[in-house]
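Let me begin by presenting the structure, written as structure tokens, before commenting on it.
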Amino acid sequence: MTDAKLPTRIPVAPVGTALSPRLAEAIEAAKAYARRALAPETLRAYRADLADFEAWCVAHGTEPLPAAPAAVAAYLAALAPTHSRSALERRLAAIGHAHRVRGLDWTPSHPAIRTTLQGIARLHGSRVRQAAALTSAELRRLVATCDADLTGTRDRALLLLGFAGALRRSELVGVDREHLRFTGEGLRLLLPRSKTDQAGEGVELGIPRGKRRDTCPVRAVETWCETADIRFGPVFTKVDRWGRIGHDRLSPDAVRQVLLRRAGMAKLKADAGERLSPHGLRAGFVTEAYVAGARDEEVMGHTRHRDLKTMRGYVRRAKLVTASPVKLLDL
């Protein structure tokens, strides 16, 4: 699954002709680049999903690759009572990816698959639990649990930078000391690559110093770098139980663990139908920026959103009550 293959239908040399060393080396280089087309987290999820599909196929006496559309539909139907819509869509994406990298025919819009998904949505459809937007008020409760020890200093910087930068988990843990430039006015943060910048063109964000000493993201990151003596390499690293700083970069899931641990300490819970997630830091930034009167282009420039519709979904949630036309009624 991890070895992305060149399409087998495209001959790279005449039949019966051995590949030259230079061509073989070029093909291996192409495979290496192909393996980096998706994020490591996505590939790990796809591997697990494909393994589950292959086991199901073996148990039911059908070939997983290439998979018959009817078999894929049956597999999705078997998962429908216990899996969410997003989980089914990811399984389908994993199966499709496995076909594409092997040069096999794949048609996710095949009627057998499409109508099965539509039927599942009608019968089992449920609203996706969105990440609760963590605004400044909740953020202050979270960082109030962070002591002055190494773990607390790191967690404070992690949460505040994640919020102020509207950073995704992968972007946050991917920050290196070389990406930070502190100035009198604030912090200039370079993001060499992100979800919407897979080509690695990079983008630079500006984060001004905060009004409050305990929630200033720039001061928090400065303090962590000085305390941990981080001069180069990963900014957010592990701290062991004895208070020793490691060299290993935190994983994206570690951000979720930090958030949930701090939320537990702060007795902070999400509203019904929502969930606590690191994405809530990003959603909270958009929510507060709009409530404060920020323009679309200002917010999108900072969050790196490409789709205005997606970003405005946060705004609609934020203004669901405060901007409701019901206020105009004589009630």
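Naming scheme: A, B, ... for chains in displayed order of the structure tokens; residues 1 onward per chain; ligands 1 onward as shown.
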Open item on the list: What's around Glu54 (chain A) at 6 Å? Count only C-alpha atoms, leave out sequence neighbours fewer than 3 positions away in its own chain, and write the answer as a count of residues only.
Closed with: 3
Open item on the list: Could you pull out the alpha helix (DSSP H) residues of region 215-324 of chain A, going by DSSP on the backbone, and write them as JSON, numbers by chain?
Closed with: {"A": [217, 218, 219, 220, 221, 222, 223, 224, 225, 226, 227, 252, 253, 254, 255, 256, 257, 258, 259, 260, 261, 262, 263, 264, 265, 279, 280, 281, 282, 283, 284, 285, 286, 287, 288, 289, 290, 291, 296, 297, 298, 299, 300, 301, 302, 303, 308, 309, 310, 311, 312, 313, 314, 315, 316, 317, 318]}
- [ ] Enumerate the residues of region 22-258 of chain A with a DSSP assignment of strand (DSSP E or B), computed from the backbone, and present them as a PyMOL selection string.
- [x] chain A and resi 130-131+176+180-182+186-191+194+197+203-208+234+237-239+245-249
Task: Distance query region 106-118 of chain A at most 8 Å, only C-alpha atoms, self and fewer than 2 positions along chain excluded, as JSON, numbers by chain - done: {"A": [69, 70, 72, 73, 76, 77, 92, 96, 99, 100, 104, 120, 121, 122]}
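For the set A:Val286, A:Cys225, A:Val58, A:Leu123, the residue with the smallest atom-to-atom gap to Phe163 (chain A) is A:Val286, counting only C-alpha atoms.
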Task: Long-range neighbours of region 228-243 of chain A as a PyMOL selection string, 7 Å cut-off, only C-alpha atoms, 5 positions minimum in chain - done: chain A and resi 150-151+173-178+248-250
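Taking CA of Trp224 (chain A) and CA of Thr153 (chain A) as the two end points, the separation is 5.7 Å.
Atom to atom, CA of Phe182 (chain A) and CA of Val291 (chain A) stand 28.2 Å apart.
Between CA of Ala220 (chain A) and CA of Ala157 (chain A) the separation is 4.7 Å.
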